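Notes follow the structure.
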Amino acid sequence: MEDILLNSASAVTAVAGLPEPDVQILTSGGLRIAAHSRILAMVSPVLENIIEKPVKHRSSERLIPILGVPCDAVSAFIEYLYNSTCKADQMEKYGLHLLVLSHVYMVPQLKQRCTRGVSERLTAENVVDVLQLARLCDAPDLYLKCMKQVAARFKTVEQTEGWKFMQDHDPWLELEILKFINEDELRKKRTRRHRKEQNMYLQLSDGIECLEHICREGCTTVGPYDVEPKKPIPCDKYSTCHGVQMLIKHFALCKRRANGFGCSRCKQMWQLLRLHSSVCDHPDSCRVPLCRQFKFKSQQQKLSDDAKWKMLVKKVSSAKAMSSLSLPKRKREEALRGTTGSTAQASKTFRLF
Ligand SMILES: [Zn+2]
Ligand SMILES: [Zn+2]
Ligand SMILES: [Zn+2]
């Protein structure tokens, strides 16, 4: 057997004037590490308990066995107890052992450090082993990170030895992982759907904004009948604005609508006009056709307005509010006039060029 005295231990002895080491840590390889019971007890409550237990033979030096991990990992552990640092190469080689030691001997700072260190070194090869260890050592952050990694690289992970071993020995964990992957996919799907919906509400809100601006000052090819067309300069939301302009042109010229038949594009325009009216907060001075009429109608049938429509209005309003936070407000209209009175007149409000 070989006795070693930790460099850090002797350094601390020299600096702080500590007494000679009074305990020996016994490691798996038979290696002994000399240390100071006061230091160990100060950092680890578990070691404190061991140290404070009464000894049978007072004469001999205390011997504390830390077995089951490589002796160099134990050295790194004791070193950490002395100087609270862990070198990158120690973390690289013994991160998992240090995680276990920090858990068993209750050294939370080291556990945190290991959780970070180990999670930075996750690979498809080791992720299942780390996952199991994270569960045993009650390290939820690391556990979650491993789960996410397994989910993200499942095709590769399920080919590894670690996965196959776990499948044979811990079917519950396999079930837990598969459940997580399933939920993760559902979560992602929900997020995608939510994003898609938000996008749609934002588009509708942009559509309303463009409709308002077309009705107020005109844009490229469509404008109010009583406003002189300016030079056709596209606005900053031109891709949406152009779509609204096409819709207005269609609405004005649609033969099916003129004949009293529904047409999907006309319905779209109709919906945009109604939606505008639902979010418009100045119907008396508004230049968008049918704004007041829709407002009046919806006030009359307040109770019969269906929940779906209300929800749509709410979502579009909030999308509008969100987008207005990031965009400069358009100038309010100057000359205000009443809008036309009947649905047929709606299309006549516009000048098409
Ligand atoms: Zn425009
Ligand atoms: Zn039509
Ligand atoms: Zn309005």
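Letters A, B, ... go to the chains of the structure tokens in the order shown; residues in each chain start at 1; ligands are counted from 1 in the same order.
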Open item on the list: So that I can see what lies close to stretch 262-267 of chain A, please list as a list in words the residues with an atom at most 7 Å from it, counting only C-alpha atoms and leaving out residues fewer than 5 positions away in the same chain.
Closed with: Leu247, Phe251, Arg256 and Arg257 of chain A
Task: Residues within 8 Å of stretch 279-284 of chain A, only C-alpha atoms, excluding chain neighbours under 4 positions, as a list in words - done: Leu275, Cys291, Arg292, Lys295, Val313, Ser317 and Gly338 of chain A
- [ ] May I ask which of the residues A:His213, A:Lys297, A:Arg274, A:Lys315 is the closest one to ligand 1, counting only C-alpha atoms and all ligand atoms?
- [x]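 When distances to ligand 1 are compared using only C-alpha atoms and all ligand atoms, the smallest one comes from A:His213.
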Task: Contact residues around stretch 144-159 of chain A with only C-alpha atoms at 9 Å, ignoring same-chain residues under 5 positions, as a list of chain:residue names - done: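 Neighbouring residues, sequence-local ones excluded: A:Ser119, A:Leu122, A:Thr123, A:Ala124, A:Glu125, A:Asn126, A:Val127, A:Val128, A:Val130, A:Leu131, A:Ala134, A:Ala139, A:Lys164, A:Ile177, A:Leu178, A:Phe180, A:Ile181, A:Asn182, A:Asp184, A:Glu185.
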Written selection (N, CA and C atoms) as a short mmCIF file (atom, residue, chain, number, x, y, z; two decimals), in the first residue's frame:
data_model
loop_
_atom_site.label_atom_id
_atom_site.label_comp_id
_atom_site.auth_asym_id
_atom_site.auth_seq_id
_atom_site.Cartn_x
_atom_site.Cartn_y
_atom_site.Cartn_z
N SER A 119 -23.33 17.49 -18.29
CA SER A 119 -24.31 17.78 -19.35
C SER A 119 -23.63 18.40 -20.57
N LEU A 122 -22.33 15.40 -22.91
CA LEU A 122 -23.25 14.32 -23.29
C LEU A 122 -23.03 13.91 -24.75
N THR A 123 -23.05 12.60 -24.97
CA THR A 123 -22.97 12.10 -26.34
C THR A 123 -24.05 11.04 -26.51
N ALA A 124 -24.30 10.65 -27.75
CA ALA A 124 -25.29 9.60 -27.98
C ALA A 124 -24.87 8.32 -27.26
N GLU A 125 -23.56 8.13 -27.14
CA GLU A 125 -23.04 6.91 -26.51
C GLU A 125 -23.29 6.87 -25.01
N ASN A 126 -23.09 8.04 -24.35
CA ASN A 126 -23.15 7.98 -22.88
C ASN A 126 -24.47 8.48 -22.30
N VAL A 127 -25.34 9.00 -23.14
CA VAL A 127 -26.51 9.69 -22.60
C VAL A 127 -27.43 8.79 -21.76
N VAL A 128 -27.55 7.53 -22.16
CA VAL A 128 -28.45 6.65 -21.39
C VAL A 128 -27.85 6.35 -20.01
N VAL A 130 -25.78 8.26 -18.37
CA VAL A 130 -25.87 9.49 -17.57
C VAL A 130 -27.30 9.69 -17.07
N LEU A 131 -28.23 9.35 -17.93
CA LEU A 131 -29.65 9.49 -17.56
C LEU A 131 -29.96 8.65 -16.32
N ALA A 134 -28.29 10.19 -13.36
CA ALA A 134 -28.96 11.43 -12.96
C ALA A 134 -30.21 11.09 -12.14
N ALA A 139 -30.69 14.31 -9.80
CA ALA A 139 -30.22 15.53 -10.46
C ALA A 139 -31.20 15.86 -11.59
N LYS A 164 -29.35 -0.64 -25.18
CA LYS A 164 -29.71 -2.07 -25.17
C LYS A 164 -29.62 -2.64 -23.75
N ILE A 177 -38.85 6.87 -20.83
CA ILE A 177 -38.22 7.62 -21.92
C ILE A 177 -39.17 7.71 -23.12
N LEU A 178 -39.79 6.56 -23.47
CA LEU A 178 -40.68 6.57 -24.62
C LEU A 178 -41.87 7.50 -24.38
N PHE A 180 -41.76 10.15 -22.50
CA PHE A 180 -41.24 11.52 -22.62
C PHE A 180 -41.16 11.93 -24.09
N ILE A 181 -40.64 11.01 -24.92
CA ILE A 181 -40.49 11.33 -26.35
C ILE A 181 -41.85 11.64 -26.96
N ASN A 182 -42.83 10.82 -26.59
CA ASN A 182 -44.18 11.02 -27.10
C ASN A 182 -44.72 12.39 -26.69
N ASP A 184 -42.99 14.92 -25.73
CA ASP A 184 -42.15 15.95 -26.34
C ASP A 184 -42.66 16.27 -27.75
N GLU A 185 -43.02 15.20 -28.48
CA GLU A 185 -43.53 15.41 -29.83
C GLU A 185 -44.86 16.17 -29.81
#
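Using only C-alpha atoms and all ligand atoms, we find that the residues with an atom at most 8 Å from any atom of ligand 1 are Cys210, His213, Ile214, Gly218, Cys219, Thr220, Pro234, Cys235, Asp236, Lys237, Tyr238, Thr240, Cys241 and His242 of chain A.
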Output N, CA and C atoms of each residue in that selection to a file, as a PDB file, in the first residue's frame.
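New file out11.pdb:
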ATOM      1  N   CYS A 210     -53.975  47.104 -43.358  1.00  0.00           N
ATOM      2  CA  CYS A 210     -53.828  47.521 -44.753  1.00  0.00           C
ATOM      3  C   CYS A 210     -55.150  48.033 -45.299  1.00  0.00           C
ATOM      4  N   HIS A 213     -55.640  51.474 -44.154  1.00  0.00           N
ATOM      5  CA  HIS A 213     -54.769  52.446 -44.821  1.00  0.00           C
ATOM      6  C   HIS A 213     -55.186  52.667 -46.276  1.00  0.00           C
ATOM      7  N   ILE A 214     -55.686  51.605 -46.906  1.00  0.00           N
ATOM      8  CA  ILE A 214     -56.185  51.760 -48.281  1.00  0.00           C
ATOM      9  C   ILE A 214     -57.411  52.680 -48.286  1.00  0.00           C
ATOM     10  N   GLY A 218     -55.272  55.345 -49.685  1.00  0.00           N
ATOM     11  CA  GLY A 218     -55.020  54.650 -50.935  1.00  0.00           C
ATOM     12  C   GLY A 218     -53.603  54.109 -50.983  1.00  0.00           C
ATOM     13  N   CYS A 219     -53.434  53.071 -51.767  1.00  0.00           N
ATOM     14  CA  CYS A 219     -52.084  52.506 -51.890  1.00  0.00           C
ATOM     15  C   CYS A 219     -51.967  51.887 -53.280  1.00  0.00           C
ATOM     16  N   THR A 220     -50.936  52.188 -53.961  1.00  0.00           N
ATOM     17  CA  THR A 220     -50.658  51.772 -55.357  1.00  0.00           C
ATOM     18  C   THR A 220     -51.898  51.769 -56.278  1.00  0.00           C
ATOM     19  N   PRO A 234     -45.444  51.729 -53.027  1.00  0.00           N
ATOM     20  CA  PRO A 234     -45.924  50.639 -52.166  1.00  0.00           C
ATOM     21  C   PRO A 234     -45.643  50.952 -50.690  1.00  0.00           C
ATOM     22  N   CYS A 235     -46.569  50.541 -49.830  1.00  0.00           N
ATOM     23  CA  CYS A 235     -46.356  50.788 -48.405  1.00  0.00           C
ATOM     24  C   CYS A 235     -45.414  49.720 -47.846  1.00  0.00           C
ATOM     25  N   ASP A 236     -45.122  49.827 -46.542  1.00  0.00           N
ATOM     26  CA  ASP A 236     -44.131  48.896 -45.990  1.00  0.00           C
ATOM     27  C   ASP A 236     -44.703  47.504 -45.704  1.00  0.00           C
ATOM     28  N   LYS A 237     -46.011  47.349 -45.885  1.00  0.00           N
ATOM     29  CA  LYS A 237     -46.570  45.993 -45.732  1.00  0.00           C
ATOM     30  C   LYS A 237     -47.139  45.570 -47.078  1.00  0.00           C
ATOM     31  N   TYR A 238     -46.389  45.841 -48.127  1.00  0.00           N
ATOM     32  CA  TYR A 238     -46.971  45.740 -49.452  1.00  0.00           C
ATOM     33  C   TYR A 238     -47.443  44.334 -49.810  1.00  0.00           C
ATOM     34  N   THR A 240     -48.883  42.108 -48.023  1.00  0.00           N
ATOM     35  CA  THR A 240     -50.243  41.946 -47.502  1.00  0.00           C
ATOM     36  C   THR A 240     -51.187  42.933 -48.181  1.00  0.00           C
ATOM     37  N   CYS A 241     -50.711  44.176 -48.304  1.00  0.00           N
ATOM     38  CA  CYS A 241     -51.538  45.239 -48.865  1.00  0.00           C
ATOM     39  C   CYS A 241     -51.971  44.885 -50.291  1.00  0.00           C
ATOM     40  N   HIS A 242     -51.039  44.352 -51.054  1.00  0.00           N
ATOM     41  CA  HIS A 242     -51.350  43.967 -52.427  1.00  0.00           C
ATOM     42  C   HIS A 242     -52.478  42.932 -52.434  1.00  0.00           C
TER      43      HIS A 242
END
TODO: Using DSSP on the backbone, list every residue of stretch 207-320 of chain A that comes out as strand (DSSP E or B), and give them as a ChimeraX atom specification.
DONE: /A:219,222-224
May I have the selected residues written with N, CA and C atoms, as a compact mmCIF listing (two decimals), in the first residue's frame?
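again.txt, written as the output of this step:
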# COMPACT_ATOMS: atom_id res chain seq x y z
N CYS A 219 -53.43 53.07 -51.77
CA CYS A 219 -52.08 52.51 -51.89
C CYS A 219 -51.97 51.89 -53.28
N VAL A 222 -55.35 50.92 -55.45
CA VAL A 222 -56.70 51.12 -54.91
C VAL A 222 -56.68 52.26 -53.91
N GLY A 223 -57.74 53.09 -53.96
CA GLY A 223 -57.82 54.17 -52.98
C GLY A 223 -59.24 54.63 -52.80
N PRO A 224 -59.48 55.53 -51.84
CA PRO A 224 -60.84 56.03 -51.63
C PRO A 224 -61.29 56.85 -52.84
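Here atom CA of A:Asp89 is placed at a distance of 28.7 Å from atom CA of A:Leu18.
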Open item on the list: With only C-alpha atoms as the counted atoms, please give the residues lying no more than 6 Å from stretch 93-95 of chain A, apart from itself and same-chain residues fewer than 6 positions off, as a PyMOL selection string.
Closed with: chain A and resi 73+114+118
Can I get the selected residues back with C-alpha atoms, as a PDB file, in the first residue's frame?
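Output (out_2.pdb):
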ATOM      1  CA  ALA A  73     -11.761  10.194  -8.750  1.00  0.00           C
ATOM      2  CA  CYS A 114     -20.816  18.114 -12.070  1.00  0.00           C
ATOM      3  CA  VAL A 118     -21.462  16.224 -17.376  1.00  0.00           C
TER       4      VAL A 118
END
Task: Top pick for closest residue to ligand 3, considering A:Tyr225, A:Tyr143, A:Phe296, A:Tyr105 and counting only C-alpha atoms and all ligand atoms - done: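 Nearest candidate to ligand 3 out of A:Tyr225, A:Tyr143, A:Phe296, A:Tyr105: A:Phe296.
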- [ ] Quote the spacing between atom 1 (Zn, counted along the ligand's line) of ligand 2 and atom CA of A:Cys254 in Å to one decimal place.
- [x]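 Separation of atom 1 (Zn, counted along the ligand's line) of ligand 2 and atom CA of A:Cys254: 4.4 Å.
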Open item on the list: What parts of stretch 53-176 of chain A does DSSP call helix (DSSP H, G or I)? I'd like the answer as an MDAnalysis selection string.
Closed with: chainID A and resid 71:83 88:104 108:120 127:136 140:152 154:157 161:169 171:176
All residues 12 Å or closer to A:Thr221, only C-alpha atoms, same chain fewer than 6 positions away omitted, as a short mmCIF file (atom, residue, chain, number, x, y, z; two decimals) with N, CA and C atoms, in the first residue's frame:
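And here is the file that came out, part-v3.cif:
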data_model
loop_
_atom_site.label_atom_id
_atom_site.label_comp_id
_atom_site.auth_asym_id
_atom_site.auth_seq_id
_atom_site.Cartn_x
_atom_site.Cartn_y
_atom_site.Cartn_z
N ILE A 214 -55.69 51.61 -46.91
CA ILE A 214 -56.18 51.76 -48.28
C ILE A 214 -57.41 52.68 -48.29
N CYS A 215 -58.30 52.48 -47.30
CA CYS A 215 -59.53 53.28 -47.24
C CYS A 215 -59.23 54.73 -46.88
N GLU A 228 -57.47 62.05 -54.02
CA GLU A 228 -56.64 62.04 -55.22
C GLU A 228 -55.53 61.00 -55.08
N PRO A 229 -55.37 60.14 -56.09
CA PRO A 229 -54.30 59.13 -55.97
C PRO A 229 -52.92 59.79 -55.90
N LYS A 230 -52.14 59.30 -54.93
CA LYS A 230 -50.77 59.80 -54.84
C LYS A 230 -49.93 58.98 -55.81
N LYS A 231 -48.68 59.33 -55.87
CA LYS A 231 -47.78 58.52 -56.67
C LYS A 231 -47.82 57.09 -56.12
N PRO A 232 -47.92 56.10 -56.99
CA PRO A 232 -48.08 54.74 -56.44
C PRO A 232 -46.81 54.19 -55.78
N ILE A 233 -46.62 54.59 -54.54
CA ILE A 233 -45.46 54.04 -53.80
C ILE A 233 -45.98 52.93 -52.89
N PRO A 234 -45.44 51.73 -53.03
CA PRO A 234 -45.92 50.64 -52.17
C PRO A 234 -45.64 50.95 -50.69
N CYS A 235 -46.57 50.54 -49.83
CA CYS A 235 -46.36 50.79 -48.40
C CYS A 235 -45.41 49.72 -47.85
N TYR A 238 -46.39 45.84 -48.13
CA TYR A 238 -46.97 45.74 -49.45
C TYR A 238 -47.44 44.33 -49.81
N CYS A 241 -50.71 44.18 -48.30
CA CYS A 241 -51.54 45.24 -48.86
C CYS A 241 -51.97 44.88 -50.29
N HIS A 242 -51.04 44.35 -51.05
CA HIS A 242 -51.35 43.97 -52.43
C HIS A 242 -52.48 42.93 -52.43
N GLY A 243 -52.40 41.95 -51.51
CA GLY A 243 -53.43 40.92 -51.40
C GLY A 243 -54.79 41.55 -51.10
N VAL A 244 -54.79 42.52 -50.18
CA VAL A 244 -56.06 43.19 -49.82
C VAL A 244 -56.59 43.97 -51.02
N GLN A 245 -55.67 44.60 -51.73
CA GLN A 245 -56.10 45.37 -52.92
C GLN A 245 -56.74 44.45 -53.95
N MET A 246 -56.14 43.28 -54.16
CA MET A 246 -56.70 42.32 -55.12
C MET A 246 -58.10 41.89 -54.66
N LEU A 247 -58.22 41.72 -53.34
CA LEU A 247 -59.49 41.29 -52.77
C LEU A 247 -60.56 42.37 -52.99
N ILE A 248 -60.16 43.63 -52.78
CA ILE A 248 -61.09 44.74 -52.97
C ILE A 248 -61.52 44.81 -54.44
N LYS A 249 -60.53 44.66 -55.33
CA LYS A 249 -60.85 44.71 -56.77
C LYS A 249 -61.82 43.60 -57.14
N PHE A 350 -64.44 52.61 -53.26
CA PHE A 350 -63.06 52.60 -53.73
C PHE A 350 -62.90 53.12 -55.14
N ARG A 351 -61.77 53.68 -55.35
CA ARG A 351 -61.36 54.06 -56.70
C ARG A 351 -60.31 53.02 -57.10
N LEU A 352 -60.53 52.40 -58.22
CA LEU A 352 -59.56 51.38 -58.66
C LEU A 352 -58.75 51.96 -59.81
N PHE A 353 -57.44 51.90 -59.70
CA PHE A 353 -56.64 52.34 -60.83
C PHE A 353 -55.58 51.33 -61.20
#
Open item on the list: Using Å and a single decimal, report how far atom CA of A:Phe294 sits from atom CA of A:Gly207.
Closed with: 17.6 Å
TODO: Go through A:Lys320, A:Arg287, A:His250, A:Arg38 and flag the residue nearest ligand 2, using only C-alpha atoms and all ligand atoms for the distances.
DONE: A:His250
Task: From A:Val227, A:Val23, A:Met269, A:Leu110, residue lying nearest A:Lys87 [only C-alpha atoms] - done: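 Ranking A:Val227, A:Val23, A:Met269, A:Leu110 by distance to A:Lys87, first place goes to A:Leu110.
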Open item on the list: At a cut-off of 12 Å, using only C-alpha atoms, what residues contact A:His97? Leave out same-chain residues fewer than 6 positions from it and give the result as number ranges by chain.
Closed with: A: 66-77, 90-91, 103-105, 110-111, 114-115, 117-118, 130, 133-134, 137
Open item on the list: I'd like the neighbourhood of A:Met311 as a list in words, where a residue qualifies if any of its atoms comes within 12 Å (using only C-alpha atoms), though same-chain residues fewer than 5 positions away should be ignored.
Closed with: Tyr201, Leu275, Ser278, Asp305, Asp306, Val316, Ser317 and Ser318 of chain A
Put those residues in a file: C-alpha atoms, as a PDB file, in the first residue's frame.
ATOM      1  CA  TYR A 201     -54.063  36.142 -36.528  1.00  0.00           C
ATOM      2  CA  LEU A 275     -63.398  41.858 -38.503  1.00  0.00           C
ATOM      3  CA  SER A 278     -65.186  44.361 -34.538  1.00  0.00           C
ATOM      4  CA  ASP A 305     -72.717  36.581 -31.685  1.00  0.00           C
ATOM      5  CA  ASP A 306     -71.140  33.169 -31.735  1.00  0.00           C
ATOM      6  CA  VAL A 316     -56.799  39.255 -33.818  1.00  0.00           C
ATOM      7  CA  SER A 317     -57.039  42.202 -31.427  1.00  0.00           C
ATOM      8  CA  SER A 318     -54.237  40.864 -29.309  1.00  0.00           C
TER       9      SER A 318
END
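Shortest separation to ligand 2 among A:Leu253, A:Lys310, A:Tyr82, A:Leu272 occurs at residue A:Leu253, atoms counted being only C-alpha atoms and all ligand atoms.
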